[in-house]
>>> print(open('protein-v2.tsv').read())   # TSV, C-alpha atoms
chain	number	residue	atom	x	y	z
A	2	MET	CA	127.81	110.97	99.97
A	3	THR	CA	124.23	111.87	99.09
A	4	SER	CA	123.08	114.98	100.91
A	5	HIS	CA	119.76	115.25	102.71
A	6	ALA	CA	118.76	117.94	100.24
A	7	THR	CA	119.38	115.60	97.33
A	8	ARG	CA	117.47	112.81	98.96
A	9	ASP	CA	114.57	115.16	99.67
A	10	ARG	CA	114.49	116.26	96.03
A	11	ARG	CA	114.67	112.71	94.73
A	12	TYR	CA	112.08	111.12	96.97
A	13	GLY	CA	109.96	114.11	97.87
A	14	THR	CA	109.69	116.11	101.08
A	15	ALA	CA	107.66	115.67	104.22
A	16	ALA	CA	105.30	118.34	102.92
A	17	ARG	CA	105.03	116.85	99.44
A	18	PRO	CA	106.30	113.25	99.19
A	19	ALA	CA	107.18	111.70	95.89
A	20	LEU	CA	104.16	110.59	93.89
A	21	SER	CA	104.14	106.94	92.83
A	22	MET	CA	102.25	106.39	89.59
A	23	ASN	CA	102.87	102.68	89.75
A	24	ILE	CA	100.78	99.91	88.21
A	25	GLY	CA	100.54	98.29	91.62
A	26	PRO	CA	100.41	98.21	94.50
A	27	THR	CA	98.37	101.38	94.30
A	28	ARG	CA	97.75	103.99	96.99
A	29	LEU	CA	95.56	102.86	99.88
A	30	ALA	CA	92.93	105.04	101.52
A	31	ARG	CA	93.47	105.86	105.17
A	32	ARG	CA	90.42	103.80	106.15
A	33	VAL	CA	91.85	100.77	104.38
A	34	ARG	CA	95.22	101.16	106.09
A	35	SER	CA	93.49	101.40	109.45
A	36	ARG	CA	91.86	98.02	109.01
A	37	LEU	CA	95.26	96.49	108.35
A	38	ALA	CA	96.49	97.77	111.71
A	39	GLU	CA	93.71	96.13	113.72
A	40	GLN	CA	94.26	93.09	115.89
A	41	PRO	CA	93.41	90.04	113.76
A	42	PRO	CA	89.94	88.81	114.73
A	43	PRO	CA	89.07	85.18	115.41
A	44	LEU	CA	88.04	83.54	112.15
A	45	TYR	CA	84.60	82.73	113.57
A	46	ASP	CA	84.03	86.32	114.72
A	47	ASP	CA	80.64	87.55	113.51
A	48	ALA	CA	81.98	90.90	112.26
A	49	PHE	CA	84.72	89.14	110.31
A	50	LEU	CA	82.24	86.75	108.70
A	51	ILE	CA	80.05	89.69	107.71
A	52	ALA	CA	83.06	91.47	106.16
A	53	TYR	CA	84.00	88.33	104.21
A	54	GLY	CA	80.46	87.98	102.88
A	55	GLU	CA	80.43	91.63	101.85
A	56	CYS	CA	83.60	91.11	99.82
A	57	LEU	CA	81.96	88.29	97.88
A	58	ARG	CA	78.70	90.15	97.27
A	59	ARG	CA	80.29	93.45	96.32
A	60	MET	CA	82.66	91.86	93.84
A	61	ARG	CA	79.62	90.64	91.90
A	62	VAL	CA	78.58	94.27	91.53
A	63	VAL	CA	82.08	95.35	90.41
A	64	LEU	CA	82.11	92.58	87.79
A	65	ASP	CA	78.38	92.79	86.89
A	66	ALA	CA	78.18	89.09	87.67
A	67	ALA	CA	74.88	88.42	89.40
A	68	GLY	CA	74.57	84.70	90.12
A	69	ALA	CA	78.29	84.04	89.87
A	70	THR	CA	80.27	82.17	92.50
A	71	VAL	CA	83.01	84.44	93.82
A	72	PHE	CA	86.17	83.20	95.51
A	73	VAL	CA	88.35	85.47	97.62
A	74	ILE	CA	91.30	83.38	98.76
A	75	PRO	CA	94.95	83.90	99.71
A	76	GLY	CA	97.29	84.62	96.80
A	77	THR	CA	98.31	87.02	94.07
A	78	GLY	CA	96.98	87.66	90.59
A	79	THR	CA	99.32	85.03	89.21
A	80	SER	CA	98.08	82.60	91.87
A	81	ALA	CA	94.55	83.26	90.70
A	82	LEU	CA	95.45	82.55	87.08
A	83	GLU	CA	97.08	79.30	88.09
A	84	ALA	CA	94.13	78.33	90.28
A	85	ALA	CA	91.70	78.88	87.42
A	86	ALA	CA	93.73	76.77	85.00
A	87	ALA	CA	94.53	74.02	87.49
A	88	ASN	CA	90.93	73.63	88.64
A	89	LEU	CA	89.01	73.91	85.39
A	90	ILE	CA	91.27	72.58	82.62
A	91	PRO	CA	92.20	68.87	82.74
A	92	ALA	CA	95.81	67.97	82.04
A	93	GLY	CA	96.38	67.21	78.36
A	94	SER	CA	93.71	69.65	77.18
A	95	THR	CA	94.36	72.12	74.38
A	96	VAL	CA	94.14	75.83	75.11
A	97	THR	CA	94.51	78.95	72.98
A	98	VAL	CA	95.95	82.15	74.44
A	99	ALA	CA	95.28	85.61	73.03
A	100	SER	CA	98.46	87.39	74.12
A	101	THR	CA	98.67	91.19	74.07
A	102	GLY	CA	101.88	91.31	76.09
A	103	GLN	CA	103.62	90.04	79.19
A	104	TRP	CA	100.51	88.76	80.91
A	105	GLY	CA	99.23	86.79	77.97
A	106	ASP	CA	102.64	85.16	77.91
A	107	ARG	CA	102.21	84.48	81.65
A	108	TRP	CA	98.95	82.68	80.89
A	109	ALA	CA	100.81	80.50	78.38
A	110	ALA	CA	103.65	79.73	80.79
A	111	ILE	CA	101.20	78.64	83.49
A	112	CYS	CA	99.33	76.37	81.09
A	113	GLU	CA	102.51	74.78	79.78
A	114	ARG	CA	103.68	74.11	83.34
A	115	LEU	CA	100.36	72.36	84.01
A	116	GLY	CA	100.85	70.03	81.07
A	117	LEU	CA	98.36	71.68	78.73
A	118	ARG	CA	98.85	71.81	74.95
A	119	THR	CA	99.18	75.55	74.56
A	120	TYR	CA	98.87	77.63	71.39
A	121	VAL	CA	99.56	81.36	71.58
A	122	VAL	CA	98.32	84.04	69.20
A	123	VAL	CA	100.75	86.89	69.77
A	124	ALA	CA	99.44	90.34	68.97
A	125	THR	CA	101.52	93.02	67.31
A	126	PRO	CA	102.79	95.24	70.18
A	127	GLY	CA	100.13	97.80	71.00
A	128	GLU	CA	97.38	95.98	69.13
A	129	ALA	CA	94.71	93.40	69.94
A	130	ALA	CA	95.10	89.74	69.04
A	131	ASP	CA	93.79	88.96	65.56
A	132	LEU	CA	90.30	87.50	65.82
A	133	ALA	CA	90.50	85.48	62.60
A	134	THR	CA	93.70	83.83	63.76
A	135	LEU	CA	92.17	83.02	67.13
A	136	GLU	CA	89.17	81.42	65.48
A	137	ARG	CA	91.40	79.40	63.19
A	138	PHE	CA	93.39	78.09	66.17
A	139	LEU	CA	90.21	77.13	68.00
A	140	THR	CA	89.05	75.27	64.92
A	141	ASP	CA	92.27	73.63	63.73
A	142	GLN	CA	93.60	72.68	67.16
A	143	ASP	CA	90.21	71.68	68.59
A	144	SER	CA	90.94	73.95	71.52
A	145	GLY	CA	88.42	73.80	74.36
A	146	VAL	CA	89.59	76.90	76.22
A	147	LEU	CA	90.33	80.50	75.19
A	148	LEU	CA	92.46	82.57	77.58
A	149	ALA	CA	92.78	86.35	77.36
A	150	THR	CA	93.95	89.41	79.28
A	151	HIS	CA	91.42	92.20	79.66
A	152	VAL	CA	94.13	94.85	80.22
A	153	ASP	CA	97.76	93.96	79.74
A	154	SER	CA	99.89	96.33	81.80
A	155	SER	CA	102.95	95.78	79.62
A	156	SER	CA	101.24	97.09	76.46
A	157	GLY	CA	98.33	99.18	77.74
A	158	VAL	CA	95.98	97.26	75.44
A	159	ARG	CA	92.39	96.76	76.55
A	160	THR	CA	90.86	93.74	74.87
A	161	ASP	CA	87.20	93.86	73.83
A	162	LEU	CA	85.72	90.75	75.42
A	163	ALA	CA	82.49	90.65	73.39
A	164	PRO	CA	84.00	89.24	70.15
A	165	LEU	CA	86.15	86.83	72.15
A	166	GLN	CA	83.13	85.27	73.81
A	167	GLU	CA	81.39	84.99	70.46
A	168	ILE	CA	84.34	83.06	69.05
A	169	ALA	CA	84.80	80.94	72.16
A	170	HIS	CA	81.21	79.89	72.52
A	171	ARG	CA	80.73	79.35	68.81
A	172	HIS	CA	83.34	76.60	69.22
A	173	GLY	CA	82.10	75.35	72.57
A	174	ALA	CA	85.20	76.67	74.35
A	175	MET	CA	85.40	78.16	77.82
A	176	LEU	CA	86.54	81.77	78.13
A	177	LEU	CA	88.89	82.62	81.02
A	178	VAL	CA	89.94	86.27	81.42
A	179	ASP	CA	92.72	87.87	83.43
A	180	GLY	CA	91.23	91.10	84.75
A	181	VAL	CA	93.90	91.99	87.30
A	182	CYS	CA	94.57	95.42	85.75
A	183	ALA	CA	90.97	95.97	84.69
A	184	ALA	CA	88.52	95.34	87.53
A	185	GLY	CA	87.66	98.62	89.21
A	186	ALA	CA	88.88	100.77	86.32
A	187	GLU	CA	87.15	99.25	83.30
A	188	THR	CA	83.55	98.36	82.57
A	189	VAL	CA	83.27	94.63	83.24
A	190	ARG	CA	80.15	92.77	82.15
A	191	GLN	CA	80.90	89.20	83.06
A	192	ASN	CA	77.34	88.00	82.51
A	193	ALA	CA	76.69	89.95	79.33
A	194	ASN	CA	80.03	88.88	77.84
A	195	ARG	CA	79.61	85.30	79.07
A	196	VAL	CA	83.07	85.20	80.61
A	197	ASP	CA	83.08	81.78	82.25
A	198	VAL	CA	85.82	82.76	84.69
A	199	TYR	CA	86.89	86.33	85.42
A	200	ILE	CA	90.06	86.62	87.50
A	201	THR	CA	91.47	89.58	89.36
A	202	SER	CA	93.39	90.65	92.44
A	203	THR	CA	93.40	93.39	95.03
A	204	PRO	CA	96.39	95.77	94.62
A	205	LYS	CA	95.48	97.51	91.37
A	206	ALA	CA	92.26	99.46	90.70
A	207	LEU	CA	90.47	97.82	93.64
A	208	SER	CA	92.86	99.79	95.88
A	209	ALA	CA	93.37	97.12	98.52
A	210	PRO	CA	96.54	95.47	99.85
A	211	ALA	CA	98.16	92.74	97.78
A	212	GLY	CA	97.66	89.15	98.87
A	213	LEU	CA	94.16	88.13	97.77
A	214	SER	CA	93.19	86.17	94.66
A	215	ILE	CA	89.70	86.75	93.27
A	216	LEU	CA	87.90	84.42	90.88
A	217	SER	CA	84.33	84.81	89.67
A	218	LEU	CA	82.73	81.75	88.05
A	219	LEU	CA	79.49	81.81	86.09
A	220	PRO	CA	77.03	79.02	86.97
A	221	ALA	CA	78.19	76.64	84.22
A	222	ALA	CA	81.80	76.95	85.38
A	223	THR	CA	80.75	76.49	88.99
A	224	ALA	CA	78.86	73.32	88.06
A	225	GLN	CA	81.90	72.05	86.15
A	226	LEU	CA	84.06	72.70	89.21
A	227	ALA	CA	81.63	71.06	91.63
A	228	THR	CA	81.39	67.88	89.52
A	229	ARG	CA	85.06	67.71	88.57
A	230	ASN	CA	86.26	64.11	88.85
A	231	TRP	CA	90.00	64.67	88.58
A	232	PRO	CA	92.26	66.07	91.32
A	233	CYS	CA	93.62	69.59	91.24
A	234	VAL	CA	97.41	69.36	91.24
A	235	ASN	CA	97.69	72.38	93.56
A	236	TYR	CA	96.36	71.37	96.97
A	237	SER	CA	96.18	74.85	98.53
A	238	GLN	CA	94.41	76.25	95.45
A	239	ASP	CA	91.83	73.48	95.12
A	240	LEU	CA	88.67	75.47	94.48
A	241	GLN	CA	86.54	72.39	95.13
A	242	SER	CA	87.73	72.56	98.73
A	243	TRP	CA	87.27	76.34	98.86
A	244	LEU	CA	83.75	76.22	97.37
A	245	PRO	CA	81.81	75.25	100.55
A	246	VAL	CA	83.91	77.75	102.52
A	247	MET	CA	82.87	80.61	100.23
A	248	GLN	CA	79.24	79.52	100.36
A	249	SER	CA	79.28	79.41	104.16
A	250	MET	CA	81.15	82.67	104.59
A	251	GLU	CA	78.71	84.51	102.35
A	252	ASN	CA	75.89	83.34	104.61
A	253	GLY	CA	77.73	84.43	107.75
A	254	ARG	CA	78.69	80.93	108.86
A	255	PHE	CA	82.26	79.90	109.64
A	256	ALA	CA	83.82	77.18	107.49
A	257	TYR	CA	87.43	76.13	107.15
A	258	PHE	CA	89.84	74.87	104.52
A	259	GLN	CA	92.84	77.12	105.22
A	260	THR	CA	93.38	80.15	107.41
A	261	PRO	CA	92.28	83.22	105.47
A	262	PRO	CA	94.39	86.39	105.87
A	263	SER	CA	91.90	88.12	108.13
A	264	ASN	CA	93.33	91.64	108.09
A	265	LEU	CA	93.59	91.56	104.30
A	266	ILE	CA	89.92	90.58	104.16
A	267	LEU	CA	88.99	93.45	106.50
A	268	ALA	CA	91.02	95.93	104.45
A	269	PHE	CA	89.49	94.63	101.21
A	270	ALA	CA	85.99	94.95	102.66
A	271	GLU	CA	86.77	98.58	103.48
A	272	ALA	CA	88.13	99.22	99.98
A	273	LEU	CA	85.00	97.72	98.45
A	274	GLU	CA	82.82	99.87	100.67
A	275	LEU	CA	84.59	102.93	99.27
A	276	ILE	CA	83.98	101.61	95.75
A	277	THR	CA	80.31	101.08	96.62
A	278	ASP	CA	80.08	104.64	97.95
A	279	GLU	CA	81.59	106.03	94.76
A	280	GLY	CA	79.58	103.70	92.54
A	281	ILE	CA	81.29	101.42	90.06
A	282	THR	CA	79.92	103.34	87.07
A	283	ASN	CA	81.24	106.62	88.49
A	284	ARG	CA	84.56	104.97	89.32
A	285	VAL	CA	85.05	103.75	85.76
A	286	ALA	CA	84.04	107.18	84.44
A	287	ARG	CA	86.60	108.85	86.75
A	288	HIS	CA	89.35	106.54	85.47
A	289	ARG	CA	88.35	107.30	81.88
A	290	ARG	CA	88.26	111.06	82.48
A	291	LEU	CA	91.69	111.10	84.15
A	292	ARG	CA	93.09	108.91	81.37
A	293	ASP	CA	91.88	111.41	78.78
A	294	GLN	CA	93.43	114.27	80.75
A	295	LEU	CA	96.72	112.39	80.88
A	296	HIS	CA	96.66	111.50	77.21
A	297	ASP	CA	95.89	115.08	76.18
A	298	GLY	CA	98.90	116.19	78.19
A	299	LEU	CA	101.13	113.53	76.67
A	300	ASN	CA	100.10	114.68	73.21
A	301	THR	CA	101.00	118.26	74.13
A	302	LEU	CA	104.43	117.10	75.33
A	303	GLY	CA	104.99	115.08	72.17
A	304	ILE	CA	105.18	111.76	74.03
A	305	ASP	CA	103.80	108.95	71.87
A	306	GLN	CA	101.93	105.90	73.13
A	307	LEU	CA	102.50	102.27	72.20
A	308	VAL	CA	98.75	101.84	71.64
A	309	THR	CA	97.79	104.03	68.71
A	310	ASP	CA	94.09	103.09	68.48
A	311	PRO	CA	92.21	105.11	71.15
A	312	GLU	CA	89.56	102.37	71.36
A	313	LEU	CA	92.19	99.94	72.65
A	314	ARG	CA	93.66	102.24	75.30
A	315	ALA	CA	93.09	101.10	78.87
A	316	ASN	CA	91.59	103.44	81.45
A	317	GLY	CA	94.21	102.84	84.12
A	318	VAL	CA	97.49	101.94	82.38
A	319	THR	CA	99.38	103.89	79.73
A	320	VAL	CA	102.53	102.68	77.97
A	321	CYS	CA	104.66	105.31	76.23
A	322	TRP	CA	107.68	105.41	74.00
A	323	TYR	CA	110.59	107.28	75.52
A	324	PRO	CA	110.93	110.77	74.04
A	325	ALA	CA	113.54	110.98	71.31
A	326	ASP	CA	117.10	110.85	72.69
A	327	HIS	CA	115.76	110.38	76.24
A	328	GLU	CA	115.91	106.63	76.73
A	329	ALA	CA	118.83	106.53	79.14
A	330	GLY	CA	118.15	108.10	82.50
A	331	PHE	CA	114.74	109.53	81.60
A	332	LEU	CA	112.89	107.88	84.49
A	333	ASN	CA	115.59	109.09	86.86
A	334	GLN	CA	114.92	112.61	85.63
A	335	VAL	CA	111.20	112.14	86.22
A	336	ARG	CA	111.96	110.84	89.71
A	337	GLU	CA	114.13	113.91	90.38
A	338	ALA	CA	111.02	115.93	89.53
A	339	GLY	CA	109.07	114.09	92.23
A	340	VAL	CA	107.20	111.30	90.40
A	341	LEU	CA	108.05	107.60	90.33
A	342	LEU	CA	107.20	105.77	87.10
A	343	PRO	CA	107.81	102.10	86.23
A	344	ALA	CA	109.87	101.00	83.27
A	345	GLY	CA	108.42	99.03	80.39
A	346	THR	CA	107.93	95.26	80.67
A	347	HIS	CA	106.58	94.30	77.25
A	348	PRO	CA	108.38	91.18	75.94
A	349	VAL	CA	109.39	93.01	72.75
A	350	ARG	CA	109.01	96.74	73.41
A	351	GLY	CA	109.84	96.92	77.10
A	352	VAL	CA	113.30	98.36	76.63
A	353	SER	CA	111.91	101.24	74.53
A	354	THR	CA	108.89	102.10	76.69
A	355	PHE	CA	107.91	103.31	80.14
A	356	ARG	CA	104.59	103.00	81.92
A	357	LEU	CA	102.17	105.16	83.87
A	358	GLY	CA	99.74	103.64	86.33
A	359	HIS	CA	96.61	105.71	86.98
A	360	LEU	CA	94.63	103.10	88.87
A	361	GLY	CA	92.56	103.27	92.03
A	362	ASN	CA	92.67	106.36	94.24
A	363	VAL	CA	94.12	108.62	91.57
A	364	THR	CA	93.19	112.30	91.39
A	365	GLU	CA	93.35	115.13	88.90
A	366	ASP	CA	96.23	116.61	90.91
A	367	ASP	CA	98.16	113.35	90.44
A	368	ILE	CA	97.78	113.64	86.67
A	369	THR	CA	98.87	117.28	86.70
A	370	ARG	CA	101.93	116.49	88.85
A	371	THR	CA	102.86	113.62	86.54
A	372	LEU	CA	102.66	115.75	83.40
A	373	THR	CA	104.67	118.50	85.08
A	374	ALA	CA	107.38	116.01	86.05
A	375	LEU	CA	107.51	114.62	82.52
A	376	GLU	CA	107.88	118.10	81.10
A	377	GLU	CA	110.69	118.88	83.54
A	378	ALA	CA	112.46	115.64	82.59
A	379	ILE	CA	112.23	116.43	78.89
A	380	HIS	CA	113.82	119.85	79.43
A	381	ALA	CA	116.29	118.79	82.12
A	382	PRO	CA	119.99	119.48	81.53
A	383	GLY	CA	121.37	116.63	79.48
A	384	GLY	CA	117.88	115.59	78.44
A	385	GLY	CA	118.31	112.20	80.08
A	386	LYS	CA	121.19	111.33	77.79
A	387	PRO	CA	124.08	109.25	79.16
>>> encode(input="protein-v2.tsv", output="structure tokens")
Amino acid sequence: MTSHATRDRRYGTAARPALSMNIGPTRLARRVRSRLAEQPPPLYDDAFLIAYGECLRRMRVVLDAAGATVFVIPGTGTSALEAAAANLIPAGSTVTVASTGQWGDRWAAICERLGLRTYVVVATPGEAADLATLERFLTDQDSGVLLATHVDSSSGVRTDLAPLQEIAHRHGAMLLVDGVCAAGAETVRQNANRVDVYITSTPKALSAPAGLSILSLLPAATAQLATRNWPCVNYSQDLQSWLPVMQSMENGRFAYFQTPPSNLILAFAEALELITDEGITNRVARHRRLRDQLHDGLNTLGIDQLVTDPELRANGVTVCWYPADHEAGFLNQVREAGVLLPAGTHPVRGVSTFRLGHLGNVTEDDITRTLTALEEAIHAPGGGKP
């Protein structure tokens, strides 16, 4: 039988609960949690409509996407990826995927399920996809769409979007980007980088509850959606049907396609207000500063990262090799020291790596506690060995 003392040590105490350094869902601010506990308002309530409109407007600031059409609809990050592909890429089209890990592979799986001819350029683990190979695929396969992941949480690679848009638009291809693990922690310049569709979700660096899909379409993509003459195979994700709803909601007028998750919208509006108060530039700088503090500590502990090029290292996700002879039981040792860390998920290197999420409402104390727990695990009796 597990004693109370053991349970307290493993999961934290009332005075100092265990710290979750997860990729997502991330820690919610008290104000955000309070909005979740409110009675759901009528969908035509003026305050609710104002909150919905604020979500749409403030996401343009987070993504530096003035003039874009923003959708905030029910769903997850994966739902958002599927919605983008199903609404903007006709069946039978050819797409090229720049895969830097699990989530690039997810892009490919979605496209294949939708009947798209899918070509994948798989990056070496911990590296970016090769630009020359991507350009060759776009040329040889006459691919009209390039799909990429801004930050892949299985590898910790941050993809530079500027050269991708140059390649895509040189070949007349649309650029669709998964920014689920990037928005709110990385500098996003959707307009400057001409990202036709930028996709994200709420439970990572935006620090809001899971359950909302976010898509931001530049004007050309919005026009393509509005004039689309083929049916979206996913009825509930049909962005043509959602488009007038978003336009009305932003102007404070009720419109209906499906019932939006009202308390999630209210909580998201509160999270975005906190981001506005901090300032998106300051928020990205905080993520970068805490990342550097973490990485300096990892270097001191002798823990190596999968991503060796500092320019490719994400601000909010770090993927590490297990310390030598510590693969088995290492994360249990870290948990015993009071910090919960997720295991690796990279398609090739997952079994040999673990991950640290430092997204959203993360503090300097969180980084210090994490490094202390890692040090304790390294020096624990048995060293994590079986």
>>> residues_around(input="protein-v2.tsv", residues="stretch 201-206 of chain A", least_positions_apart="3", cutoff="8 Å", atoms="only C-alpha atoms", output="list of chain:residue names")
A:Ile24, A:Gly25, A:Pro26, A:Thr27, A:Thr77, A:Gly78, A:Ala81, A:Asp179, A:Gly180, A:Val181, A:Cys182, A:Ala183, A:Ala184, A:Gly185, A:Ala186, A:Ala209, A:Pro210, A:Ala211, A:Gly212, A:Leu213, A:Ser214, A:Ile215, A:Leu216, A:Phe269, A:Gly317, A:Leu360, A:Gly361, A:Asn362
>>> closest_residue(input="protein-v2.tsv", among="A:Ile266, A:Cys321, A:Val363, A:Ala329", to="A:Arg289", atoms="only C-alpha atoms")
A:Val363
>>> atom_distance(input="protein-v2.tsv", atom1="atom CA of A:Thr346", atom2="atom CA of A:Gly116")
26.2 Å
>>> residues_around(input="protein-v2.tsv", residues="stretch 270-279 of chain A", least_positions_apart="6", cutoff="7 Å", atoms="all atoms listed in the file", output="ChimeraX atom specification")
/A:32-33,52,55-56,59,207-209
>>> residues_around(input="protein-v2.tsv", residues="A:Asp297", least_positions_apart="5", cutoff="12 Å", atoms="only C-alpha atoms", output="list in words")
Arg290, Leu291, Arg292, Leu302, Gly303, Ile304, Asp305, Gln306, Pro311, Ile368, Thr369 and Leu372 of chain A
>>> write_last_selection(input="protein-v2.tsv", atoms="C-alpha atoms", output="short mmCIF file (atom, residue, chain, number, x, y, z; two decimals), keeping the file's coordinate frame")
data_model
loop_
_atom_site.label_atom_id
_atom_site.label_comp_id
_atom_site.auth_asym_id
_atom_site.auth_seq_id
_atom_site.Cartn_x
_atom_site.Cartn_y
_atom_site.Cartn_z
CA ARG A 290 88.26 111.06 82.48
CA LEU A 291 91.69 111.10 84.15
CA ARG A 292 93.09 108.91 81.37
CA LEU A 302 104.43 117.10 75.33
CA GLY A 303 104.99 115.08 72.17
CA ILE A 304 105.18 111.76 74.03
CA ASP A 305 103.80 108.95 71.87
CA GLN A 306 101.93 105.90 73.13
CA PRO A 311 92.21 105.11 71.15
CA ILE A 368 97.78 113.64 86.67
CA THR A 369 98.87 117.28 86.70
CA LEU A 372 102.66 115.75 83.40
#
>>> atom_distance(input="protein-v2.tsv", atom1="atom CA of A:Glu365", atom2="atom CA of A:Ala19")
15.9 Å
>>> residues_around(input="protein-v2.tsv", residues="A:Arg370", least_positions_apart="4", cutoff="8 Å", atoms="only C-alpha atoms", output="VMD selection string")
chain A and resid 340 366 374
>>> residues_around(input="protein-v2.tsv", residues="A:His380", least_positions_apart="4", cutoff="12 Å", atoms="all atoms listed in the file", output="PyMOL selection string")
chain A and resi 302+324+326-327+331+334-335+338+373-376+384-386
>>> write_last_selection(input="protein-v2.tsv", atoms="C-alpha atoms", output="PDB file, in the coordinates of the input")
ATOM      1  CA  LEU A 302     104.430 117.100  75.330  1.00  0.00           C
ATOM      2  CA  PRO A 324     110.930 110.770  74.040  1.00  0.00           C
ATOM      3  CA  ASP A 326     117.100 110.850  72.690  1.00  0.00           C
ATOM      4  CA  HIS A 327     115.760 110.380  76.240  1.00  0.00           C
ATOM      5  CA  PHE A 331     114.740 109.530  81.600  1.00  0.00           C
ATOM      6  CA  GLN A 334     114.920 112.610  85.630  1.00  0.00           C
ATOM      7  CA  VAL A 335     111.200 112.140  86.220  1.00  0.00           C
ATOM      8  CA  ALA A 338     111.020 115.930  89.530  1.00  0.00           C
ATOM      9  CA  THR A 373     104.670 118.500  85.080  1.00  0.00           C
ATOM     10  CA  ALA A 374     107.380 116.010  86.050  1.00  0.00           C
ATOM     11  CA  LEU A 375     107.510 114.620  82.520  1.00  0.00           C
ATOM     12  CA  GLU A 376     107.880 118.100  81.100  1.00  0.00           C
ATOM     13  CA  GLY A 384     117.880 115.590  78.440  1.00  0.00           C
ATOM     14  CA  GLY A 385     118.310 112.200  80.080  1.00  0.00           C
ATOM     15  CA  LYS A 386     121.190 111.330  77.790  1.00  0.00           C
TER      16      LYS A 386
END
>>> atom_distance(input="protein-v2.tsv", atom1="atom CA of A:Pro43", atom2="atom CA of A:Arg61")
25.9 Å
>>> closest_residue(input="protein-v2.tsv", among="A:Ala256, A:Leu341, A:Val196, A:Val285", to="A:Leu44", atoms="all atoms listed in the file")
A:Ala256
>>> closest_residue(input="protein-v2.tsv", among="A:Ala86, A:Val123, A:Leu132, A:Leu20", to="A:Glu337", atoms="all atoms listed in the file")
A:Leu20
>>> axis_aligned_box(input="protein-v2.tsv", around="stretch 261-271 of chain A", padding_each_side="8 Å", output="JSON")
{"center_x": 90.2, "center_y": 90.9, "center_z": 104.7, "size_x": 24.4, "size_y": 31.4, "size_z": 22.9}
>>> closest_residue(input="protein-v2.tsv", among="A:Ala129, A:Ala66, A:Cys112, A:Leu37", to="A:Thr309", atoms="all atoms listed in the file")
A:Ala129
>>> closest_atom_pairs(input="protein-v2.tsv", of="stretch 58-108 of chain A", to="stretch 218-228 of chain A", cutoff="12 Å", atoms="all atoms listed in the file", output="JSON lines")
{"residue": "A:Met60", "atom": "CA", "partner": "A:Leu218", "partner_atom": "CA", "distance": 11.7}
{"residue": "A:Arg61", "atom": "CA", "partner": "A:Leu218", "partner_atom": "CA", "distance": 10.2}
{"residue": "A:Leu64", "atom": "CA", "partner": "A:Leu218", "partner_atom": "CA", "distance": 10.9}
{"residue": "A:Asp65", "atom": "CA", "partner": "A:Leu219", "partner_atom": "CA", "distance": 11.1}
{"residue": "A:Ala66", "atom": "CA", "partner": "A:Leu219", "partner_atom": "CA", "distance": 7.6}
{"residue": "A:Ala67", "atom": "CA", "partner": "A:Leu219", "partner_atom": "CA", "distance": 8.7}
{"residue": "A:Gly68", "atom": "CA", "partner": "A:Pro220", "partner_atom": "CA", "distance": 6.9}
{"residue": "A:Ala69", "atom": "CA", "partner": "A:Leu219", "partner_atom": "CA", "distance": 4.5}
{"residue": "A:Thr70", "atom": "CA", "partner": "A:Leu218", "partner_atom": "CA", "distance": 5.1}
{"residue": "A:Val71", "atom": "CA", "partner": "A:Leu218", "partner_atom": "CA", "distance": 6.4}
{"residue": "A:Phe72", "atom": "CA", "partner": "A:Leu218", "partner_atom": "CA", "distance": 8.3}
{"residue": "A:Val73", "atom": "CA", "partner": "A:Leu218", "partner_atom": "CA", "distance": 11.7}
{"residue": "A:Ala84", "atom": "CA", "partner": "A:Leu226", "partner_atom": "CA", "distance": 11.6}
{"residue": "A:Ala85", "atom": "CA", "partner": "A:Leu218", "partner_atom": "CA", "distance": 9.4}
{"residue": "A:Ala86", "atom": "CA", "partner": "A:Leu226", "partner_atom": "CA", "distance": 11.3}
{"residue": "A:Ala87", "atom": "CA", "partner": "A:Leu226", "partner_atom": "CA", "distance": 10.7}
{"residue": "A:Asn88", "atom": "CA", "partner": "A:Leu226", "partner_atom": "CA", "distance": 7.0}
{"residue": "A:Leu89", "atom": "CA", "partner": "A:Leu226", "partner_atom": "CA", "distance": 6.4}
{"residue": "A:Ile90", "atom": "CA", "partner": "A:Leu226", "partner_atom": "CA", "distance": 9.8}
{"residue": "A:Pro91", "atom": "CA", "partner": "A:Leu226", "partner_atom": "CA", "distance": 11.1}
>>> closest_residue(input="protein-v2.tsv", among="A:Thr140, A:Ser155, A:Thr101, A:Asn235", to="A:Arg114", atoms="all atoms listed in the file")
A:Asn235
>>> closest_residue(input="protein-v2.tsv", among="A:Leu332, A:Val320, A:Leu57, A:Ala315", to="A:His288", atoms="all atoms listed in the file")
A:Ala315
